[in-house]
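Colleague: Here it is, the structure in full.
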Amino acid sequence: MSNSVGKKMATRITHAGRDPESNFGVVNPPVYHASTILKPTMAEHRASKEPGYTGYGYGRTGTPTSRSFEQAITEIYGAADTVVVSSGKAAMVVALLAVVKAGDHILVADSVYQPTRLFCSGFLANFGVETTYYDPTIGAEIESLIQDNTALIYTESPGSLTFELQDIPAIAKVAHAHDIPVLTDNTWGTAVYYDVFAHGVDIVIEAVTKYICGHSDVMMGVVVSNEKWADKVRQMAKDQGQCCGPDDLYLAQRGLRTMGARLVQNQANAITLAKWLEGRGEVKRVIHPALPSHPQHDLWKRDFTGSCGLFAFVLQDCDPVAVDAFIDGLEFFGLGASWGGYESLALPGNPGDIRTATEWTETGQLIRIHAGLEDTDDLIADLEAGFKRLTAIQEAK
Ligand SMILES: *Cc1c(COP(=O)(O)O)cnc(C)c1O
């Protein structure tokens, strides 16, 4: 079995979790379809009930297919353990429930992925957990929001839709001084561009659905933990009966092998599009952490080693019908949720509706762009034609 720990990222992505010698030399791990897993003897059956048993007990609690994928993600993150779950959203749920109990208070960034917010304000509130949403740019001042019963700080940097960056090392320093963990949703940065454990995070959530899988055909998530939280997180995933189908696990692991190479192109294409959009009169503002125009660009430069294909821009104020015409005629940018696949997407968002600690004051329509792997000349021509449609309607008003 290859051990890629400590090697450079591209090498880890290529080799982590694979074991050709145990599989007749076959390069990729085999796909085991399993529920029942037979034990050869009573002695082995008894051993499988003991804590710390490392064999395979039952399909739901791990197969060679799921464990090789978990091992790969653990090595890539340089973490203690990974559990694979049924979606990125499930990863968020497992991570939060592994830490909180009734009567606790939690701190959640105002810019988090909307389903995370809905889970906190809905499910967690119903079970006696109180959430305070905080300004994502708060940094070390988060200390003033910590209460005696605060159980965790939940971060996501950059934030969904609005891309505020968080000073996670500053937040982690405060959190650890109060002996509480920092959770982060690292779906944007991925292990490739944001070494979150080195920046003080304890538990990481990543939607495998996005860049790891990378082909818009699998729903999956991972929760990646440091030593301190590994057992609690694994137990919570087990308590919830979390597991994934073997064919999806195979696709996720296959996607993983090309993630580094794909991200290089997603990143380059996104920056090309973002810079082009910055020069357009129809655009009020481009929001991309890797551009110097981003308000927390310095934090991105300090903490990240790259950027992915996802960013946003805000249109000048215009008629909603003109926005519809812009989106509806796009040839290569699909209109759909999710991202991280090989294809480009354009999705309008309304961040003003989903925040309480901060205010979203932009009046123009925000459009989130996922830069896929197409040629940027064609993508730019597509956007340019869209602006022509938008302007034609706007001028006729
Ligand atoms: C998509 C997404 C998720 C959820 O992942 P699913 O696999 O779609 O459930 C979580 N966090 C972020 C930031 C996402 O973009």
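Here's how to read the names in the structure tokens: chain A, B, ... by the order shown, residue numbers from 1 in each chain, ligand numbers from 1 in the order shown.
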Identify, on the basis of only C-alpha atoms, every residue whose closest approach to Arg257 (chain A) does not exceed 10 Å; exclude the query and any residue fewer than 4 positions from it along the same chain; express the result as a ChimeraX atom specification.
Modeller: /A:10-16,212-213,252-253,261-262
Colleague: Save out the residues we just selected, all heavy atoms, as a CSV table (one decimal), in the first residue's frame.
Modeller:
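As a result, again-v2.csv now contains:
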```csv
chain,number,residue,atom,x,y,z
A,10,ALA,N,0.1,17.0,-5.4
A,10,ALA,CA,-0.2,16.3,-6.6
A,10,ALA,C,0.1,14.8,-6.5
A,10,ALA,O,-0.5,13.9,-7.0
A,10,ALA,CB,0.5,16.9,-7.8
A,11,THR,N,1.2,14.5,-5.7
A,11,THR,CA,1.6,13.1,-5.5
A,11,THR,C,0.6,12.4,-4.6
A,11,THR,O,0.2,11.3,-4.9
A,11,THR,CB,3.0,13.1,-4.9
A,11,THR,OG1,3.9,13.9,-5.7
A,11,THR,CG2,3.6,11.7,-4.9
A,12,ARG,N,0.2,13.1,-3.6
A,12,ARG,CA,-0.8,12.5,-2.7
A,12,ARG,C,-2.1,12.2,-3.4
A,12,ARG,O,-2.7,11.2,-3.3
A,12,ARG,CB,-1.1,13.5,-1.5
A,12,ARG,CG,-0.1,13.4,-0.4
A,12,ARG,CD,-0.5,14.2,0.8
A,12,ARG,NE,0.1,15.5,0.7
A,12,ARG,CZ,-0.3,16.6,1.4
A,12,ARG,NH1,-1.3,16.5,2.2
A,12,ARG,NH2,0.4,17.7,1.4
A,13,ILE,N,-2.6,13.2,-4.2
A,13,ILE,CA,-3.8,13.0,-4.9
A,13,ILE,C,-3.7,11.8,-5.9
A,13,ILE,O,-4.7,11.0,-6.0
A,13,ILE,CB,-4.2,14.3,-5.8
A,13,ILE,CG1,-4.7,15.4,-4.8
A,13,ILE,CG2,-5.2,14.0,-6.8
A,13,ILE,CD1,-4.9,16.7,-5.5
A,14,THR,N,-2.6,11.6,-6.4
A,14,THR,CA,-2.4,10.5,-7.4
A,14,THR,C,-2.3,9.1,-6.7
A,14,THR,O,-2.9,8.1,-7.1
A,14,THR,CB,-1.1,10.7,-8.2
A,14,THR,OG1,-1.2,12.0,-8.7
A,14,THR,CG2,-1.0,9.7,-9.3
A,15,HIS,N,-1.7,9.1,-5.5
A,15,HIS,CA,-1.3,7.8,-4.9
A,15,HIS,C,-2.1,7.4,-3.6
A,15,HIS,O,-2.2,6.2,-3.3
A,15,HIS,CB,0.2,7.7,-4.6
A,15,HIS,CG,1.0,7.5,-5.8
A,15,HIS,ND1,1.1,6.3,-6.5
A,15,HIS,CD2,1.6,8.5,-6.6
A,15,HIS,CE1,1.9,6.5,-7.6
A,15,HIS,NE2,2.2,7.8,-7.7
A,16,ALA,N,-2.7,8.4,-2.9
A,16,ALA,CA,-3.3,8.1,-1.6
A,16,ALA,C,-4.4,7.1,-1.7
A,16,ALA,O,-5.3,7.1,-2.6
A,16,ALA,CB,-3.8,9.4,-1.0
A,212,ILE,N,-14.1,17.0,-5.8
A,212,ILE,CA,-13.5,15.6,-5.7
A,212,ILE,C,-14.1,14.7,-6.8
A,212,ILE,O,-13.4,14.1,-7.6
A,212,ILE,CB,-13.6,15.1,-4.3
A,212,ILE,CG1,-12.9,15.9,-3.3
A,212,ILE,CG2,-13.1,13.6,-4.3
A,212,ILE,CD1,-13.0,15.5,-1.9
A,213,CYS,N,-15.4,14.7,-6.8
A,213,CYS,CA,-16.1,13.9,-7.8
A,213,CYS,C,-15.9,14.5,-9.2
A,213,CYS,O,-15.4,13.9,-10.1
A,213,CYS,CB,-17.6,13.7,-7.5
A,213,CYS,SG,-18.5,13.0,-8.9
A,252,ALA,N,-16.2,8.6,-7.2
A,252,ALA,CA,-15.6,9.7,-6.4
A,252,ALA,C,-14.1,9.5,-6.4
A,252,ALA,O,-13.3,10.5,-6.5
A,252,ALA,CB,-16.2,9.7,-5.0
A,253,GLN,N,-13.6,8.3,-6.1
A,253,GLN,CA,-12.2,8.0,-6.1
A,253,GLN,C,-11.6,8.3,-7.5
A,253,GLN,O,-10.5,8.8,-7.6
A,253,GLN,CB,-11.8,6.6,-5.6
A,253,GLN,CG,-10.4,6.4,-5.5
A,253,GLN,CD,-9.8,5.5,-4.5
A,253,GLN,OE1,-8.7,5.3,-4.5
A,253,GLN,NE2,-10.7,5.0,-3.6
A,261,ALA,N,-5.4,18.5,-11.4
A,261,ALA,CA,-5.2,18.9,-12.8
A,261,ALA,C,-6.4,19.7,-13.2
A,261,ALA,O,-6.3,20.8,-13.8
A,261,ALA,CB,-5.0,17.7,-13.7
A,262,ARG,N,-7.6,19.3,-12.8
A,262,ARG,CA,-8.8,20.0,-13.2
A,262,ARG,C,-8.8,21.4,-12.6
A,262,ARG,O,-9.2,22.4,-13.2
A,262,ARG,CB,-10.1,19.2,-12.8
A,262,ARG,CG,-10.4,18.1,-13.7
A,262,ARG,CD,-11.7,17.4,-13.4
A,262,ARG,NE,-11.6,16.5,-12.3
A,262,ARG,CZ,-12.1,16.7,-11.1
A,262,ARG,NH1,-12.8,17.8,-10.8
A,262,ARG,NH2,-12.0,15.8,-10.1
```
Colleague: What does the list of residues within 8 Å of ligand 1 look like if you count only C-alpha atoms and all ligand atoms, written as a PyMOL selection string?
Modeller: chain A and resi 86-92+112-113+115-116+156+159-160+185-188+205-210+219-221+337-339
Colleague: Identify, on the basis of only C-alpha atoms, every residue whose closest approach to region 345-352 of chain A does not exceed 7 Å; exclude the query and any residue fewer than 5 positions from it along the same chain; express the result as a PDB file with C-alpha atoms, in the first residue's frame.
Modeller:
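In the end it all went to selection03.pdb:
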```pdb
ATOM      1  CA  LEU A 161     -22.582  33.352  -2.712  1.00  0.00           C
ATOM      2  CA  PHE A 333     -23.373  28.331 -18.825  1.00  0.00           C
ATOM      3  CA  GLY A 334     -26.033  26.038 -17.369  1.00  0.00           C
ATOM      4  CA  LEU A 335     -28.666  27.290 -14.916  1.00  0.00           C
ATOM      5  CA  GLY A 336     -28.434  24.906 -11.971  1.00  0.00           C
ATOM      6  CA  GLU A 359     -26.435  43.480   5.713  1.00  0.00           C
ATOM      7  CA  TRP A 360     -26.210  42.840   1.978  1.00  0.00           C
ATOM      8  CA  LEU A 366     -25.785  38.882  -7.956  1.00  0.00           C
ATOM      9  CA  ILE A 367     -24.828  36.102 -10.373  1.00  0.00           C
ATOM     10  CA  ARG A 368     -22.654  33.200  -9.238  1.00  0.00           C
ATOM     11  CA  ILE A 369     -20.385  31.787 -11.921  1.00  0.00           C
ATOM     12  CA  HIS A 370     -18.775  28.384 -12.030  1.00  0.00           C
ATOM     13  CA  ALA A 371     -15.978  28.379 -14.593  1.00  0.00           C
TER      14      ALA A 371
END
```
Colleague: With a distance cut-off of 9 Å and only C-alpha atoms, select the neighbouring residues of Ala325 (chain A), excluding the residue or stretch itself and same-chain residues fewer than 5 positions from it, and output the selection as a ChimeraX atom specification.
Modeller: /A:320,330,386-387,389-390,393
Colleague: Quick one: of A:Gly364, A:Gly241, A:Gly103, A:Gly189, who's nearest to Asp148 (chain A), counting only C-alpha atoms?
Modeller: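 Selected residue with least distance to Asp148 (chain A): A:Gly103.
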Colleague: Got a sec: who's within 7 Å of region 27-38 of chain A, counting only C-alpha atoms, leaving out chain neighbours fewer than 2 positions off, as JSON, numbers by chain?
Modeller: {"A": [18, 19, 20, 25, 40, 57, 58, 59, 60, 63, 64, 65, 246, 247, 250]}
Colleague: Considering only C-alpha atoms, return as a PDB file with N, CA and C atoms, in the first residue's frame whatever protein or nucleic-acid residues lie within 9 Å of Tyr134 (chain A), sequence-local ones (same chain, fewer than 5 positions apart) excluded.
Modeller:
```
ATOM      1  N   LEU A 107     -21.758  29.223  17.362  1.00  0.00           N
ATOM      2  CA  LEU A 107     -21.497  30.424  16.566  1.00  0.00           C
ATOM      3  C   LEU A 107     -21.319  30.017  15.112  1.00  0.00           C
ATOM      4  N   VAL A 108     -22.126  30.612  14.240  1.00  0.00           N
ATOM      5  CA  VAL A 108     -22.122  30.229  12.824  1.00  0.00           C
ATOM      6  C   VAL A 108     -21.973  31.484  11.962  1.00  0.00           C
ATOM      7  N   ALA A 109     -21.079  31.436  10.985  1.00  0.00           N
ATOM      8  CA  ALA A 109     -20.846  32.596  10.103  1.00  0.00           C
ATOM      9  C   ALA A 109     -22.118  32.954   9.337  1.00  0.00           C
ATOM     10  N   ASP A 110     -22.379  34.263   9.248  1.00  0.00           N
ATOM     11  CA  ASP A 110     -23.600  34.747   8.586  1.00  0.00           C
ATOM     12  C   ASP A 110     -23.626  34.397   7.098  1.00  0.00           C
ATOM     13  N   SER A 111     -22.476  34.075   6.538  1.00  0.00           N
ATOM     14  CA  SER A 111     -22.349  33.844   5.085  1.00  0.00           C
ATOM     15  C   SER A 111     -22.332  32.356   4.735  1.00  0.00           C
ATOM     16  N   ILE A 142     -14.440  37.619  17.747  1.00  0.00           N
ATOM     17  CA  ILE A 142     -15.467  36.614  17.999  1.00  0.00           C
ATOM     18  C   ILE A 142     -15.491  36.246  19.489  1.00  0.00           C
ATOM     19  N   LEU A 145     -18.453  37.042  21.609  1.00  0.00           N
ATOM     20  CA  LEU A 145     -19.721  36.317  21.394  1.00  0.00           C
ATOM     21  C   LEU A 145     -19.740  34.956  22.088  1.00  0.00           C
ATOM     22  N   THR A 356     -28.557  37.731   8.871  1.00  0.00           N
ATOM     23  CA  THR A 356     -29.126  38.471   9.991  1.00  0.00           C
ATOM     24  C   THR A 356     -28.077  39.310  10.723  1.00  0.00           C
ATOM     25  N   ALA A 357     -26.811  38.861  10.743  1.00  0.00           N
ATOM     26  CA  ALA A 357     -25.777  39.585  11.493  1.00  0.00           C
ATOM     27  C   ALA A 357     -25.153  40.697  10.664  1.00  0.00           C
ATOM     28  N   THR A 358     -25.243  40.572   9.349  1.00  0.00           N
ATOM     29  CA  THR A 358     -24.674  41.568   8.448  1.00  0.00           C
ATOM     30  C   THR A 358     -25.733  41.957   7.429  1.00  0.00           C
TER      31      THR A 358
END
```
Colleague: List the spatial neighbours of Leu152 (chain A) as a list in words - criterion: any atom at most 7 Å away, only C-alpha atoms, same-chain residues fewer than 4 positions off excluded.
Modeller: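 Final neighbour list, sorted by chain and number: Ile106, Leu107, Ile180, Pro181 and Val182 of chain A.
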Colleague: Counting only C-alpha atoms, figure out which residue out of A:Ala140, A:Ala151, A:Ala102, A:Ile203 gets nearest to Asp179 (chain A).
Modeller: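 Nearest to Asp179 (chain A): A:Ala151.
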Colleague: Considering only C-alpha atoms, state which residue in the set A:Asn126, A:Ser144, A:Thr305, A:Thr162 is at the smallest distance from Asp195 (chain A).
Modeller: A:Thr305
Colleague: With distances taken over only C-alpha atoms, which of A:Asp248, A:Ile380, A:Phe163, A:Ala72 is nearest to Ala312 (chain A)?
Modeller: A:Phe163
Colleague: I'd like to know which of A:Glu70, A:Phe304, A:Leu251, A:Thr363 is closest to Asp217 (chain A), using only C-alpha atoms.
Modeller: A:Leu251
